[in-house]
Amino acid sequence: MAERARHCCLGWDFSTQQVKVVAVDEELTVFYEDSVHFDRDLPEFGTQGGVHVHEDGLTVTSPVLMWVQALDILLEKMKASGFDFSQVLSMSGAGQQHGSVYWKVGASQVLTNLSPDLPLHEQLQACFSISDCPVWMDSSTTAQCRQLEAAVGGAQALSCLTGSRAYERFTGNQIAKIYQQNPEAYAHTERISLVSSFAASLFLGSYSPIDYSDGSGMNLLQIQDKVWSQACLGACAPQLEGKLGPLVPSCSCVGAISAYYVQRYGFPSGCKVVAFTGDNPASLAGMRLEEGDIAVSLGTSDTLFLWLQEPVPALEGHIFCNPVDPQHYMALLCFKNGSLMREQIRDESAACSWTEFSRALRSTELGNGGSLGFYFDVMEITPEITGRHRFSADNCKVSAFPEDVEIRALVEGQFMAKRIHAEGLGYRIMPKTKILATGGASHNRDILQVLADVFGAPVYVTDTANSACVGSAYRAFHGLAAGTGVPFSEVVKLAPNPRLAATPTPGASQVYEALLPKYAKLEQRILSQTLGPVA
């Protein structure tokens with residue numbers, strides 16, 4: 001028990017399927033973690049994967065009181081384990097991005113006057129005007145997306161303003177749908193929170209502001225000026241700015257913990273609450289990305305996290321305010337054809353063997369002799385292409401490659417696409433650039449070697465199973481130093497370092513600098529379906 005009596009910060013993650021917490025001490029060591037899984041631990045809410053999928057197959061929601069009750073259970077588990085709340089200096093957290101919570105008129109008074117004798121969920125039962133909240137999996141707002149884009153002059157104009165074209169899951173479009181379909185509930189709403197600011201509000205005992213970074217996932221925030229866009233607000237719903245409240249920098253301390261937690265659990269009254277943010281921005285903090293760095297998650301879908309200085313908003317990808325440096329930005333790019341595509345080519349061309357797949361990568365030359373391939377067994381989103389497309393060194397379309405060439409064409413093509421689309425958002429590789437690889441394929445050194453060669457930068461690997469949670473704890477430490485000008489990188493310098501996995505092969509940069517423009521032109525050629533000669 002005595003070993004737990006050490007100063008720490010807590011990092012929370014209100015994700016799709018669970019609420020999780022970690023405690024990180026001043027040496028940045030994780031010494032406590034626990035979670036509550038919605039389907040397993042709260043079966044009375046009837047969720048599958050933490051959500052309710054409605055009959056239309058498009059509407060996806062989660063019960064807000066399930067999230068509240070999960071927090072109750074988790075805090076009681078911590079208490080029962082002997083966790084010493086009195087040592088907590090600060091906390092921050094992450095929430096699944098884009099989801100929204102609707103506080104009923106009068107809820108703020110209930111929040112302010114919580115009784116330490118009762119769990120939260122018993123006291124907040126009547127505090128929400130919408131009981132089932134829209135979440136990021138919802139895709140029912142296509143009409144509202146088109147309305148929003150039309151109101152501001154089109155998809156590209158909206159992207160330049162807010163960092164993304166209109167997406168069905170983005171919060172502004174969800175709010176517009178609620179206003180249009182349930183105007184009474186909207187009228188009875190006094191505050192609309194993101195999942196992140198909702199969770200922070202529970203700890204503050206008052207409404208927490210929305211932070212810049214998670215606010216960037218709403219199609220409502222002007223990312224350059226960091227203010228609400230009046231044009232977007234007006235296109236979504238009336239009186240919306242008052243219901244959303246103010247915005248704050250992501251590293252802001254938004255207040256001290258509510259007396260409820262001091263009296264019920266023994267938190268110190270001076271425990272700070274640092275603005276909660278979205279799970280993707282929190283993961284950027286957890287992976288400790290710095291200027292010029294990239295994180296590549298190689299999973300079912302492949303996702304790129306980029307640290308940007310001067311973003312160029314586009315019709316694909318998302319640009320958010322940076323969660324650890326208010327002067328900079330981050331970008332997200334998602335590629336749907338990830339590990340399942342790699343596994344399919346492995347099965348077809350390497351006899352279902354990763355060993356054979358790796359051998360093929362080692363035995364073929366950098367640049368594949370000019371043979372380039374595009375492999376999209378499901379409709380890709382970056383860009384919108386489907387099918388398999390192979391090109392010889394002289395840009396002629398061919399129906400097949402030899403097996404070893406096919407494997408290298410797949411892996412090189414996937415990474416060249418990532419670099420091209422990252423650079424399309426304003427990303428530039430710097431001499432100090434690091435690539436952080438996570439996910440299943442990050443265990444394959446030969447795949448990582450191709451990644452290092454295509455990007456011309458060293459690749460590192462790290463365990464990021466808890467990156468949003470741990471990133472939230474790191475941000476809590478940074479929040480304690482906020483206002484002192486101490487950069488986030490200085491605050492987290494004691495954190496465990498990632499492991500070097502691959503460095504660029506000598507001469508690789510010349511090979512790929514020549515191939516990348518060709519690959520980009522071929523991609524455009526496929527998109528336009530005009531298969532004429534490429535200059």
# chains A, B, ... in the order shown; residues from 1 in each chain; ligands from 1
call {"tool": "residues_around", "arguments": {"residues": "Glu122 of chain A", "least_positions_apart": "5", "cutoff": "12 Å", "atoms": "only C-alpha atoms", "output": "ChimeraX atom specification"}}
result
/A:65-66,68-69,72,110-111,114-117,127
call {"tool": "select_by_dssp", "arguments": {"residues": "segment 213-447 of chain A", "states": "helix (DSSP H, G or I)", "output": "MDAnalysis selection string"}}
result
chainID A and resid 213:215 230:236 240:244 259:265 279:286 339:349 354:363 366:370 403:424 440:443 445:447
call {"tool": "write_last_selection", "arguments": {"atoms": "C-alpha atoms", "output": "compact mmCIF listing (two decimals), in the first residue's frame"}}
result
# COMPACT_ATOMS: atom_id res chain seq x y z
CA SER A 213 -8.23 20.08 -30.59
CA ASP A 214 -11.40 18.04 -30.04
CA GLY A 215 -13.43 21.06 -31.16
CA GLN A 230 -20.68 31.97 -37.25
CA ALA A 231 -21.56 30.72 -40.75
CA CYS A 232 -21.34 27.08 -39.66
CA LEU A 233 -23.23 27.65 -36.41
CA GLY A 234 -26.01 29.41 -38.27
CA ALA A 235 -26.26 26.61 -40.82
CA CYS A 236 -26.66 23.96 -38.10
CA LEU A 240 -25.95 27.22 -30.93
CA GLU A 241 -23.00 29.29 -29.71
CA GLY A 242 -24.63 29.80 -26.32
CA LYS A 243 -25.28 26.08 -25.99
CA LEU A 244 -21.69 25.16 -26.95
CA ALA A 259 -15.97 18.91 -3.78
CA TYR A 260 -17.99 15.73 -4.50
CA TYR A 261 -14.77 13.80 -5.25
CA VAL A 262 -12.90 15.37 -2.34
CA GLN A 263 -15.56 14.22 0.12
CA ARG A 264 -16.50 10.87 -1.42
CA TYR A 265 -13.07 9.59 -2.53
CA ASP A 279 -8.97 10.21 -28.30
CA ASN A 280 -6.92 10.84 -31.46
CA PRO A 281 -5.31 14.06 -30.17
CA ALA A 282 -4.67 12.34 -26.82
CA SER A 283 -2.96 9.48 -28.67
CA LEU A 284 -0.66 11.98 -30.40
CA ALA A 285 0.34 13.14 -26.91
CA GLY A 286 0.73 9.55 -25.69
CA SER A 339 -3.92 -5.27 -42.94
CA LEU A 340 -6.72 -7.23 -44.66
CA MET A 341 -5.27 -6.25 -48.03
CA ARG A 342 -1.75 -7.25 -46.91
CA GLU A 343 -3.09 -10.58 -45.66
CA GLN A 344 -4.93 -11.19 -48.95
CA ILE A 345 -1.76 -10.66 -51.04
CA ARG A 346 0.20 -12.78 -48.54
CA ASP A 347 -2.27 -15.63 -49.06
CA GLU A 348 -2.25 -15.27 -52.85
CA SER A 349 1.46 -14.65 -53.46
CA TRP A 354 4.57 -14.01 -43.50
CA THR A 355 8.05 -15.58 -43.71
CA GLU A 356 7.66 -15.91 -47.48
CA PHE A 357 6.14 -12.42 -47.68
CA SER A 358 9.21 -10.98 -45.91
CA ARG A 359 11.58 -12.99 -48.10
CA ALA A 360 9.92 -11.45 -51.16
CA LEU A 361 10.47 -7.94 -49.82
CA ARG A 362 14.14 -8.69 -49.13
CA SER A 363 14.75 -10.29 -52.54
CA LEU A 366 14.02 -0.83 -54.06
CA GLY A 367 11.51 0.72 -56.43
CA ASN A 368 10.54 -2.71 -57.79
CA GLY A 369 12.14 -2.01 -61.18
CA GLY A 370 9.47 0.66 -61.75
CA GLU A 403 4.56 -13.07 -56.96
CA ASP A 404 7.60 -11.35 -55.42
CA VAL A 405 7.00 -8.20 -57.50
CA GLU A 406 3.33 -8.24 -56.47
CA ILE A 407 4.25 -8.25 -52.76
CA ARG A 408 6.69 -5.34 -53.07
CA ALA A 409 4.27 -3.43 -55.31
CA LEU A 410 1.60 -3.72 -52.61
CA VAL A 411 3.78 -2.55 -49.70
CA GLU A 412 5.60 0.18 -51.63
CA GLY A 413 2.30 1.39 -53.07
CA GLN A 414 0.64 1.59 -49.65
CA PHE A 415 3.49 3.67 -48.22
CA MET A 416 3.92 5.90 -51.28
CA ALA A 417 0.20 6.71 -51.10
CA LYS A 418 0.59 7.64 -47.44
CA ARG A 419 3.50 9.96 -48.16
CA ILE A 420 1.78 11.61 -51.16
CA HIS A 421 -1.44 12.29 -49.26
CA ALA A 422 0.43 13.48 -46.16
CA GLU A 423 2.35 15.97 -48.29
CA GLY A 424 -0.95 17.01 -49.86
CA GLY A 440 -0.09 -5.56 -36.16
CA ALA A 441 2.19 -5.00 -39.16
CA SER A 442 4.65 -3.02 -37.00
CA HIS A 443 5.97 -6.41 -35.84
CA ARG A 445 10.70 -5.66 -39.75
CA ASP A 446 10.74 -6.02 -43.54
CA ILE A 447 7.51 -4.04 -43.92
call {"tool": "atom_distance", "arguments": {"atom1": "atom CA of Asp39 of chain A", "atom2": "atom CA of Gln17 of chain A"}}
result
7.4 Å
call {"tool": "residues_around", "arguments": {"residues": "His318 of chain A", "least_positions_apart": "5", "cutoff": "10 Å", "atoms": "only C-alpha atoms", "output": "ChimeraX atom specification"}}
result
/A:159,162-165,216-217,305,313,330-334,425
call {"tool": "write_last_selection", "arguments": {"atoms": "C-alpha atoms", "output": "compact mmCIF listing (two decimals), in the first residue's frame"}}
result
# COMPACT_ATOMS: atom_id res chain seq x y z
CA SER A 159 -12.41 22.23 -45.23
CA THR A 162 -12.85 23.95 -40.26
CA GLY A 163 -10.10 21.51 -41.31
CA SER A 164 -12.44 18.92 -42.87
CA ARG A 165 -15.21 18.74 -45.43
CA SER A 216 -11.71 20.69 -34.54
CA GLY A 217 -13.74 17.52 -35.17
CA PHE A 305 -1.08 10.96 -37.50
CA PRO A 313 -6.85 21.58 -45.80
CA MET A 330 -2.15 17.74 -36.42
CA ALA A 331 -3.67 15.79 -39.28
CA LEU A 332 -5.34 12.42 -39.59
CA LEU A 333 -5.49 10.35 -42.74
CA CYS A 334 -7.28 7.02 -42.87
CA LEU A 425 -2.04 18.26 -46.42
call {"tool": "atom_distance", "arguments": {"atom1": "atom CA of Cys9 of chain A", "atom2": "atom CA of Leu194 of chain A"}}
result
22.4 Å
call {"tool": "closest_residue", "arguments": {"among": "A:Asp132, A:Glu523, A:Glu168, A:Asp302", "to": "Gln144 of chain A", "atoms": "only C-alpha atoms"}}
result
A:Glu168
call {"tool": "residues_around", "arguments": {"residues": "Thr142 of chain A", "least_positions_apart": "2", "cutoff": "9 Å", "atoms": "only C-alpha atoms", "output": "list in words"}}
result
Ser139, Ser140, Gln144, Cys145, Arg146, Gln147, Ala166, Tyr167, Glu168 and Asn173 of chain A
call {"tool": "residues_around", "arguments": {"residues": "segment 46-55 of chain A", "least_positions_apart": "2", "cutoff": "9 Å", "atoms": "only C-alpha atoms", "output": "MDAnalysis selection string"}}
result
chainID A and resid 15:18 37:39 42:44 57:63 132 135 137:138
call {"tool": "closest_residue", "arguments": {"among": "A:Thr438, A:Gln97, A:Ser129, A:Ser399", "to": "Tyr186 of chain A", "atoms": "only C-alpha atoms"}}
result
A:Ser129
call {"tool": "atom_distance", "arguments": {"atom1": "atom CA of His188 of chain A", "atom2": "atom CA of Ile130 of chain A"}}
result
9.6 Å
call {"tool": "select_by_dssp", "arguments": {"residues": "segment 76-132 of chain A", "states": "strand (DSSP E)", "output": "list of chain:residue names"}}
result
A:Val88, A:Leu89, A:Ser90, A:Met91, A:Ser92, A:Gly93, A:Ala94, A:Gly95, A:Ser100, A:Val101, A:Tyr102, A:Trp103, A:Lys104, A:Asp132
call {"tool": "residues_around", "arguments": {"residues": "Leu202 of chain A", "least_positions_apart": "3", "cutoff": "9 Å", "atoms": "only C-alpha atoms", "output": "ChimeraX atom specification"}}
result
/A:68,111,120,197-199,205-208,258
call {"tool": "write_last_selection", "arguments": {"atoms": "N, CA and C atoms", "output": "CSV table (one decimal), in the first residue's frame"}}
result
chain,number,residue,atom,x,y,z
A,68,VAL,N,-21.9,7.6,-17.4
A,68,VAL,CA,-21.8,8.1,-16.0
A,68,VAL,C,-21.7,6.9,-15.0
A,111,LEU,N,-25.3,19.6,-11.2
A,111,LEU,CA,-23.8,19.3,-11.2
A,111,LEU,C,-23.1,20.0,-10.0
A,120,LEU,N,-22.9,9.2,-8.8
A,120,LEU,CA,-23.3,10.2,-9.8
A,120,LEU,C,-24.5,9.8,-10.6
A,197,SER,N,-15.5,16.9,-23.2
A,197,SER,CA,-15.8,18.0,-22.3
A,197,SER,C,-17.0,17.6,-21.3
A,198,PHE,N,-17.8,16.6,-21.7
A,198,PHE,CA,-18.8,16.0,-20.8
A,198,PHE,C,-18.1,15.3,-19.7
A,199,ALA,N,-17.1,14.5,-20.0
A,199,ALA,CA,-16.4,13.8,-18.9
A,199,ALA,C,-15.7,14.8,-18.0
A,205,GLY,N,-17.8,19.4,-11.7
A,205,GLY,CA,-19.0,19.8,-11.1
A,205,GLY,C,-19.6,21.1,-11.7
A,206,SER,N,-19.2,21.3,-13.0
A,206,SER,CA,-19.7,22.5,-13.7
A,206,SER,C,-19.3,22.2,-15.2
A,207,TYR,N,-19.9,23.0,-16.1
A,207,TYR,CA,-19.6,22.7,-17.5
A,207,TYR,C,-18.2,23.1,-17.9
A,208,SER,N,-17.5,22.1,-18.5
A,208,SER,CA,-16.2,22.3,-19.0
A,208,SER,C,-16.2,22.9,-20.4
A,258,SER,N,-14.3,18.9,-8.3
A,258,SER,CA,-15.5,19.2,-7.5
A,258,SER,C,-15.3,18.6,-6.1
call {"tool": "closest_residue", "arguments": {"among": "A:Gln181, A:Ser81, A:Thr112, A:Ser252", "to": "Leu480 of chain A", "atoms": "only C-alpha atoms"}}
result
A:Ser252
call {"tool": "closest_residue", "arguments": {"among": "A:Ser35, A:Thr382, A:Asn337, A:Asn497", "to": "Leu298 of chain A", "atoms": "only C-alpha atoms"}}
result
A:Asn337
